[in-house]
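Q: Got a file for you: final-v3.pdb, PDB, N, CA and C atoms, pLDDT in the B column.
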```
ATOM      1  N   MET F   1       9.475 -52.405  53.118  1.00 59.00           N
ATOM      2  CA  MET F   1       9.782 -51.600  51.947  1.00 59.00           C
ATOM      3  C   MET F   1       8.650 -51.763  50.938  1.00 59.00           C
ATOM      4  N   SER F   2       8.160 -50.653  50.428  1.00 72.00           N
ATOM      5  CA  SER F   2       7.070 -50.663  49.475  1.00 72.00           C
ATOM      6  C   SER F   2       7.600 -50.643  48.048  1.00 72.00           C
ATOM      7  N   LEU F   3       7.113 -51.553  47.227  1.00 88.00           N
ATOM      8  CA  LEU F   3       7.522 -51.583  45.825  1.00 88.00           C
ATOM      9  C   LEU F   3       6.359 -51.151  44.929  1.00 88.00           C
ATOM     10  N   ASP F   4       5.636 -50.098  45.376  1.00 95.00           N
ATOM     11  CA  ASP F   4       4.547 -49.548  44.585  1.00 95.00           C
ATOM     12  C   ASP F   4       5.099 -48.936  43.305  1.00 95.00           C
ATOM     13  N   ARG F   5       4.305 -49.028  42.254  1.00 97.00           N
ATOM     14  CA  ARG F   5       4.674 -48.399  40.996  1.00 97.00           C
ATOM     15  C   ARG F   5       4.033 -47.011  40.949  1.00 97.00           C
ATOM     16  N   TYR F   6       4.700 -46.086  40.265  1.00 97.00           N
ATOM     17  CA  TYR F   6       4.213 -44.718  40.153  1.00 97.00           C
ATOM     18  C   TYR F   6       4.121 -44.332  38.687  1.00 97.00           C
ATOM     19  N   VAL F   7       3.029 -43.636  38.330  1.00 97.00           N
ATOM     20  CA  VAL F   7       2.811 -43.231  36.945  1.00 97.00           C
ATOM     21  C   VAL F   7       2.974 -41.717  36.824  1.00 97.00           C
ATOM     22  N   CYS F   8       3.627 -41.301  35.744  1.00 98.00           N
ATOM     23  CA  CYS F   8       3.779 -39.881  35.447  1.00 98.00           C
ATOM     24  C   CYS F   8       2.445 -39.365  34.913  1.00 98.00           C
ATOM     25  N   LEU F   9       1.915 -38.337  35.547  1.00 98.00           N
ATOM     26  CA  LEU F   9       0.626 -37.796  35.143  1.00 98.00           C
ATOM     27  C   LEU F   9       0.726 -36.959  33.870  1.00 98.00           C
ATOM     28  N   ARG F  10       1.935 -36.647  33.456  1.00 98.00           N
ATOM     29  CA  ARG F  10       2.124 -35.873  32.226  1.00 98.00           C
ATOM     30  C   ARG F  10       2.195 -36.760  30.982  1.00 98.00           C
ATOM     31  N   CYS F  11       2.940 -37.869  31.062  1.00 98.00           N
ATOM     32  CA  CYS F  11       3.175 -38.659  29.844  1.00 98.00           C
ATOM     33  C   CYS F  11       2.771 -40.130  29.956  1.00 98.00           C
ATOM     34  N   GLY F  12       2.471 -40.607  31.174  1.00 98.00           N
ATOM     35  CA  GLY F  12       2.048 -41.990  31.341  1.00 98.00           C
ATOM     36  C   GLY F  12       3.168 -42.972  31.644  1.00 98.00           C
ATOM     37  N   TYR F  13       4.428 -42.507  31.697  1.00 98.00           N
ATOM     38  CA  TYR F  13       5.548 -43.389  32.046  1.00 98.00           C
ATOM     39  C   TYR F  13       5.306 -43.975  33.437  1.00 98.00           C
ATOM     40  N   THR F  14       5.603 -45.260  33.611  1.00 98.00           N
ATOM     41  CA  THR F  14       5.473 -45.893  34.916  1.00 98.00           C
ATOM     42  C   THR F  14       6.859 -46.206  35.478  1.00 98.00           C
ATOM     43  N   TYR F  15       7.124 -45.682  36.684  1.00 98.00           N
ATOM     44  CA  TYR F  15       8.349 -46.055  37.396  1.00 98.00           C
ATOM     45  C   TYR F  15       8.056 -47.357  38.119  1.00 98.00           C
ATOM     46  N   ASP F  16       8.810 -48.389  37.788  1.00 97.00           N
ATOM     47  CA  ASP F  16       8.669 -49.707  38.406  1.00 97.00           C
ATOM     48  C   ASP F  16       9.919 -49.959  39.242  1.00 97.00           C
ATOM     49  N   PRO F  17       9.785 -49.989  40.569  1.00 97.00           N
ATOM     50  CA  PRO F  17      10.960 -50.175  41.417  1.00 97.00           C
ATOM     51  C   PRO F  17      11.671 -51.508  41.190  1.00 97.00           C
ATOM     52  N   LYS F  18      10.982 -52.482  40.654  1.00 96.00           N
ATOM     53  CA  LYS F  18      11.642 -53.755  40.364  1.00 96.00           C
ATOM     54  C   LYS F  18      12.692 -53.589  39.271  1.00 96.00           C
ATOM     55  N   ARG F  19      12.482 -52.613  38.379  1.00 97.00           N
ATOM     56  CA  ARG F  19      13.430 -52.350  37.300  1.00 97.00           C
ATOM     57  C   ARG F  19      14.363 -51.186  37.611  1.00 97.00           C
ATOM     58  N   GLY F  20      13.910 -50.248  38.440  1.00 97.00           N
ATOM     59  CA  GLY F  20      14.697 -49.055  38.714  1.00 97.00           C
ATOM     60  C   GLY F  20      14.779 -48.173  37.476  1.00 97.00           C
ATOM     61  N   ASP F  21      15.818 -47.367  37.410  1.00 97.00           N
ATOM     62  CA  ASP F  21      16.071 -46.504  36.250  1.00 97.00           C
ATOM     63  C   ASP F  21      17.579 -46.500  36.024  1.00 97.00           C
ATOM     64  N   PRO F  22      18.099 -47.572  35.408  1.00 95.00           N
ATOM     65  CA  PRO F  22      19.553 -47.716  35.254  1.00 95.00           C
ATOM     66  C   PRO F  22      20.236 -46.532  34.570  1.00 95.00           C
ATOM     67  N   LYS F  23      19.566 -45.898  33.596  1.00 95.00           N
ATOM     68  CA  LYS F  23      20.175 -44.754  32.900  1.00 95.00           C
ATOM     69  C   LYS F  23      20.411 -43.580  33.845  1.00 95.00           C
ATOM     70  N   ALA F  24      19.607 -43.493  34.904  1.00 96.00           N
ATOM     71  CA  ALA F  24      19.765 -42.420  35.885  1.00 96.00           C
ATOM     72  C   ALA F  24      20.533 -42.888  37.116  1.00 96.00           C
ATOM     73  N   GLY F  25      21.030 -44.137  37.090  1.00 96.00           N
ATOM     74  CA  GLY F  25      21.792 -44.661  38.213  1.00 96.00           C
ATOM     75  C   GLY F  25      20.932 -45.166  39.358  1.00 96.00           C
ATOM     76  N   ILE F  26      19.649 -45.424  39.093  1.00 97.00           N
ATOM     77  CA  ILE F  26      18.731 -45.930  40.115  1.00 97.00           C
ATOM     78  C   ILE F  26      18.697 -47.452  40.006  1.00 97.00           C
ATOM     79  N   SER F  27      19.164 -48.117  41.034  1.00 97.00           N
ATOM     80  CA  SER F  27      19.261 -49.577  41.039  1.00 97.00           C
ATOM     81  C   SER F  27      17.890 -50.233  41.148  1.00 97.00           C
ATOM     82  N   PRO F  28      17.723 -51.418  40.540  1.00 97.00           N
ATOM     83  CA  PRO F  28      16.502 -52.182  40.751  1.00 97.00           C
ATOM     84  C   PRO F  28      16.289 -52.411  42.244  1.00 97.00           C
ATOM     85  N   GLY F  29      15.029 -52.357  42.664  1.00 96.00           N
ATOM     86  CA  GLY F  29      14.694 -52.524  44.077  1.00 96.00           C
ATOM     87  C   GLY F  29      14.574 -51.213  44.828  1.00 96.00           C
ATOM     88  N   THR F  30      14.825 -50.078  44.154  1.00 96.00           N
ATOM     89  CA  THR F  30      14.717 -48.764  44.802  1.00 96.00           C
ATOM     90  C   THR F  30      13.254 -48.327  44.814  1.00 96.00           C
ATOM     91  N   PRO F  31      12.635 -48.227  46.000  1.00 95.00           N
ATOM     92  CA  PRO F  31      11.235 -47.813  46.069  1.00 95.00           C
ATOM     93  C   PRO F  31      11.067 -46.354  45.618  1.00 95.00           C
ATOM     94  N   GLY F  32       9.883 -46.045  45.127  1.00 92.00           N
ATOM     95  CA  GLY F  32       9.602 -44.693  44.648  1.00 92.00           C
ATOM     96  C   GLY F  32       9.809 -43.623  45.692  1.00 92.00           C
ATOM     97  N   ASP F  33       9.547 -43.948  46.963  1.00 90.00           N
ATOM     98  CA  ASP F  33       9.717 -42.937  48.011  1.00 90.00           C
ATOM     99  C   ASP F  33      11.177 -42.778  48.443  1.00 90.00           C
ATOM    100  N   LYS F  34      12.077 -43.530  47.829  1.00 94.00           N
ATOM    101  CA  LYS F  34      13.509 -43.427  48.139  1.00 94.00           C
ATOM    102  C   LYS F  34      14.315 -42.871  46.954  1.00 94.00           C
ATOM    103  N   LEU F  35      13.616 -42.399  45.920  1.00 95.00           N
ATOM    104  CA  LEU F  35      14.315 -41.812  44.780  1.00 95.00           C
ATOM    105  C   LEU F  35      14.977 -40.503  45.198  1.00 95.00           C
ATOM    106  N   PRO F  36      16.121 -40.171  44.604  1.00 96.00           N
ATOM    107  CA  PRO F  36      16.759 -38.888  44.926  1.00 96.00           C
ATOM    108  C   PRO F  36      15.813 -37.736  44.590  1.00 96.00           C
ATOM    109  N   GLY F  37      15.897 -36.668  45.334  1.00 94.00           N
ATOM    110  CA  GLY F  37      15.010 -35.521  45.150  1.00 94.00           C
ATOM    111  C   GLY F  37      15.069 -34.900  43.769  1.00 94.00           C
ATOM    112  N   ASP F  38      16.203 -35.058  43.094  1.00 96.00           N
ATOM    113  CA  ASP F  38      16.335 -34.448  41.763  1.00 96.00           C
ATOM    114  C   ASP F  38      15.999 -35.407  40.621  1.00 96.00           C
ATOM    115  N   TRP F  39      15.530 -36.627  40.953  1.00 98.00           N
ATOM    116  CA  TRP F  39      15.164 -37.576  39.906  1.00 98.00           C
ATOM    117  C   TRP F  39      13.956 -37.049  39.157  1.00 98.00           C
ATOM    118  N   ARG F  40      13.978 -37.192  37.826  1.00 98.00           N
ATOM    119  CA  ARG F  40      12.879 -36.735  36.984  1.00 98.00           C
ATOM    120  C   ARG F  40      12.442 -37.863  36.064  1.00 98.00           C
ATOM    121  N   CYS F  41      11.254 -37.732  35.527  1.00 98.00           N
ATOM    122  CA  CYS F  41      10.723 -38.721  34.592  1.00 98.00           C
ATOM    123  C   CYS F  41      11.689 -38.859  33.418  1.00 98.00           C
ATOM    124  N   PRO F  42      12.140 -40.075  33.143  1.00 97.00           N
ATOM    125  CA  PRO F  42      13.085 -40.258  32.043  1.00 97.00           C
ATOM    126  C   PRO F  42      12.450 -40.056  30.667  1.00 97.00           C
ATOM    127  N   ALA F  43      11.136 -40.083  30.586  1.00 98.00           N
ATOM    128  CA  ALA F  43      10.464 -39.927  29.296  1.00 98.00           C
ATOM    129  C   ALA F  43      10.181 -38.465  28.951  1.00 98.00           C
ATOM    130  N   CYS F  44       9.760 -37.669  29.959  1.00 98.00           N
ATOM    131  CA  CYS F  44       9.367 -36.288  29.649  1.00 98.00           C
ATOM    132  C   CYS F  44      10.019 -35.232  30.527  1.00 98.00           C
ATOM    133  N   GLY F  45      10.742 -35.647  31.570  1.00 98.00           N
ATOM    134  CA  GLY F  45      11.427 -34.693  32.435  1.00 98.00           C
ATOM    135  C   GLY F  45      10.579 -34.124  33.561  1.00 98.00           C
ATOM    136  N   ALA F  46       9.379 -34.665  33.766  1.00 98.00           N
ATOM    137  CA  ALA F  46       8.500 -34.174  34.833  1.00 98.00           C
ATOM    138  C   ALA F  46       9.127 -34.425  36.205  1.00 98.00           C
ATOM    139  N   ALA F  47       8.810 -33.542  37.144  1.00 97.00           N
ATOM    140  CA  ALA F  47       9.288 -33.675  38.521  1.00 97.00           C
ATOM    141  C   ALA F  47       8.510 -34.775  39.243  1.00 97.00           C
ATOM    142  N   GLN F  48       9.044 -35.216  40.360  1.00 96.00           N
ATOM    143  CA  GLN F  48       8.391 -36.292  41.123  1.00 96.00           C
ATOM    144  C   GLN F  48       6.995 -35.907  41.581  1.00 96.00           C
ATOM    145  N   ARG F  49       6.730 -34.626  41.787  1.00 96.00           N
ATOM    146  CA  ARG F  49       5.397 -34.204  42.220  1.00 96.00           C
ATOM    147  C   ARG F  49       4.335 -34.498  41.152  1.00 96.00           C
ATOM    148  N   ASP F  50       4.785 -34.772  39.919  1.00 98.00           N
ATOM    149  CA  ASP F  50       3.869 -35.088  38.831  1.00 98.00           C
ATOM    150  C   ASP F  50       3.619 -36.586  38.693  1.00 98.00           C
ATOM    151  N   PHE F  51       3.983 -37.366  39.700  1.00 97.00           N
ATOM    152  CA  PHE F  51       3.756 -38.803  39.722  1.00 97.00           C
ATOM    153  C   PHE F  51       2.695 -39.153  40.754  1.00 97.00           C
ATOM    154  N   ALA F  52       1.952 -40.228  40.478  1.00 96.00           N
ATOM    155  CA  ALA F  52       0.940 -40.724  41.421  1.00 96.00           C
ATOM    156  C   ALA F  52       1.107 -42.241  41.524  1.00 96.00           C
ATOM    157  N   LYS F  53       0.822 -42.773  42.694  1.00 95.00           N
ATOM    158  CA  LYS F  53       0.908 -44.213  42.915  1.00 95.00           C
ATOM    159  C   LYS F  53      -0.144 -44.926  42.084  1.00 95.00           C
ATOM    160  N   ARG F  54       0.265 -46.005  41.422  1.00 93.00           N
ATOM    161  CA  ARG F  54      -0.674 -46.819  40.652  1.00 93.00           C
ATOM    162  C   ARG F  54      -1.426 -47.752  41.586  1.00 93.00           C
ATOM    163  N   ASP F  55      -2.677 -47.963  41.302  1.00 85.00           N
ATOM    164  CA  ASP F  55      -3.518 -48.831  42.129  1.00 85.00           C
ATOM    165  C   ASP F  55      -3.625 -50.255  41.617  1.00 85.00           C
ATOM    166  N   ASP F  56      -3.014 -50.540  40.475  1.00 80.00           N
ATOM    167  CA  ASP F  56      -3.170 -51.882  39.900  1.00 80.00           C
ATOM    168  C   ASP F  56      -2.037 -52.798  40.213  1.00 80.00           C
TER     169      ASP F  56
END
```
Would you encode the structure as structure tokens?
A:
Amino acid sequence: MSLDRYVCLRCGYTYDPKRGDPKAGISPGTPGDKLPGDWRCPACGAAQRDFAKRDD
């Protein structure tokens, strides 16, 4: 299981799978490639296609 972090290219929000997204019902430990298809950036509402894997 990959715990890569993903950054929103629109606003800079970083999805960290170690934290998940509790407000959206995403449990900690949920990898970015296992997010529901309708999950959106909690900061700006961008679609998943607007995210890129972080290299750091």
Q: Which is closer to Thr14 of chain F than all the others in F:Asp33, F:Ser27, F:Pro42, F:Ala47, using only C-alpha atoms?
A: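 Comparing F:Asp33, F:Ser27, F:Pro42, F:Ala47 against Thr14 of chain F, the winner is F:Pro42.
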Q: Give me, as a PyMOL selection string, all polymer residues having an atom no more than 12 Å from Cys41 of chain F, counting only C-alpha atoms and skipping those fewer than 2 positions away in the same chain.
A: chain F and resi 6-16+20-21+23-24+32+35-39+43-51
Q: From a backbone DSSP assignment, name each residue in chain F labelled helix (DSSP H, G or I), as a ChimeraX atom specification.
A: /F:22-24,32-34,48-50
Q: Is it possible to get the axis-aligned box enclosing segment 21-35 of chain F (all listed atoms, 3 Å extra per side) as AutoDock Vina command-line options, with centre and edge lengths in Å rounded to one decimal?
A:
```
--center_x 15.7 --center_y -46.5 --center_z 40.7 --size_x 18.2 --size_y 18.0 --size_z 21.5
```
Q: Write down as an NGL selection string the residues belonging to segment 9-49 of chain F that are assigned strand (DSSP E or B) by DSSP computed on the backbone.
A: :F and (14-15 or 21 or 26)
